Amino acid sequence: MTSTHQYVSGDRVDVPEQVFLGNVVTRSGVGVVKQILRQKFGNATQKLLIVEVDGQGERKYLSKNVRWIGEPE
């Protein structure tokens, strides 16, 4: 997945399932960006999105791992 959109709070995004040791921890779904954080990863700074996923609570994703699907409502 490629991140070319400049995310803002309220954007609707499609998020992938999260897997840990081969087990699905959370299902894929559609969510709303609640907060945008910038975190250092080595020499680079990447955007970390806090996403409220429909019926599943908040999750954290790197912006490159989600797909933008709509403007804030």
# chains A, B, ... in the order shown; residues from 1 in each chain; ligands from 1
$ select_by_dssp --residues "chain A" --states "strand (DSSP E)" --output "ChimeraX atom specification"
/A:12-15,18-20,23-26,29-41,44-53,57-62,67-70
$ write_last_selection --atoms "C-alpha atoms" --output "PDB file, in the first residue's frame"
ATOM      1  CA  ARG A  12     -12.139   7.513   6.570  1.00  0.00           C
ATOM      2  CA  VAL A  13      -9.603   4.736   5.983  1.00  0.00           C
ATOM      3  CA  ASP A  14      -9.568   1.041   5.142  1.00  0.00           C
ATOM      4  CA  VAL A  15      -7.294  -0.833   7.572  1.00  0.00           C
ATOM      5  CA  GLN A  18      -3.294  -7.268  12.306  1.00  0.00           C
ATOM      6  CA  VAL A  19      -1.512 -10.609  12.695  1.00  0.00           C
ATOM      7  CA  PHE A  20       0.807 -11.704  15.508  1.00  0.00           C
ATOM      8  CA  ASN A  23      -2.822 -15.493  14.475  1.00  0.00           C
ATOM      9  CA  VAL A  24      -5.263 -12.762  13.468  1.00  0.00           C
ATOM     10  CA  VAL A  25      -5.392 -10.321  16.381  1.00  0.00           C
ATOM     11  CA  THR A  26      -7.827  -7.834  14.828  1.00  0.00           C
ATOM     12  CA  GLY A  29     -12.250  -2.909   8.600  1.00  0.00           C
ATOM     13  CA  VAL A  30     -13.134   0.701   7.994  1.00  0.00           C
ATOM     14  CA  GLY A  31     -12.264   3.393  10.484  1.00  0.00           C
ATOM     15  CA  VAL A  32     -11.855   7.092  11.182  1.00  0.00           C
ATOM     16  CA  VAL A  33      -8.501   8.779  11.861  1.00  0.00           C
ATOM     17  CA  LYS A  34      -8.668  10.186  15.404  1.00  0.00           C
ATOM     18  CA  GLN A  35      -5.088  11.389  15.837  1.00  0.00           C
ATOM     19  CA  ILE A  36      -1.874  11.702  13.826  1.00  0.00           C
ATOM     20  CA  LEU A  37       1.487  11.259  15.559  1.00  0.00           C
ATOM     21  CA  ARG A  38       4.978  11.590  14.159  1.00  0.00           C
ATOM     22  CA  GLN A  39       7.480   9.006  15.402  1.00  0.00           C
ATOM     23  CA  LYS A  40      11.156   8.569  14.672  1.00  0.00           C
ATOM     24  CA  PHE A  41      12.111   5.260  13.060  1.00  0.00           C
ATOM     25  CA  ALA A  44      13.348   8.893   9.330  1.00  0.00           C
ATOM     26  CA  THR A  45      10.150  10.238  10.835  1.00  0.00           C
ATOM     27  CA  GLN A  46       6.941   8.421   9.929  1.00  0.00           C
ATOM     28  CA  LYS A  47       3.286   9.190  10.555  1.00  0.00           C
ATOM     29  CA  LEU A  48       1.481   6.942  13.007  1.00  0.00           C
ATOM     30  CA  LEU A  49      -2.302   7.090  12.716  1.00  0.00           C
ATOM     31  CA  ILE A  50      -4.606   6.366  15.649  1.00  0.00           C
ATOM     32  CA  VAL A  51      -7.709   4.924  13.964  1.00  0.00           C
ATOM     33  CA  GLU A  52     -11.108   4.231  15.555  1.00  0.00           C
ATOM     34  CA  VAL A  53     -12.221   1.095  13.695  1.00  0.00           C
ATOM     35  CA  GLY A  57     -11.904   0.244  19.203  1.00  0.00           C
ATOM     36  CA  GLU A  58      -8.741   2.239  18.524  1.00  0.00           C
ATOM     37  CA  ARG A  59      -5.733   0.829  16.706  1.00  0.00           C
ATOM     38  CA  LYS A  60      -2.366   2.228  15.582  1.00  0.00           C
ATOM     39  CA  TYR A  61      -1.140   2.033  11.976  1.00  0.00           C
ATOM     40  CA  LEU A  62       1.696   3.516   9.990  1.00  0.00           C
ATOM     41  CA  ARG A  67      -5.863   3.128   2.376  1.00  0.00           C
ATOM     42  CA  TRP A  68      -7.680   6.488   2.290  1.00  0.00           C
ATOM     43  CA  ILE A  69     -11.350   6.112   1.291  1.00  0.00           C
ATOM     44  CA  GLY A  70     -12.971   9.446   2.084  1.00  0.00           C
TER      45      GLY A  70
END
$ atom_distance --atom1 "atom CA of A:Tyr7" --atom2 "atom CA of A:Asp54"
18.3 Å
$ closest_residue --among "A:Pro16, A:Gln56, A:Asp11, A:His5" --to "A:Glu71" --atoms "only C-alpha atoms"
A:Asp11
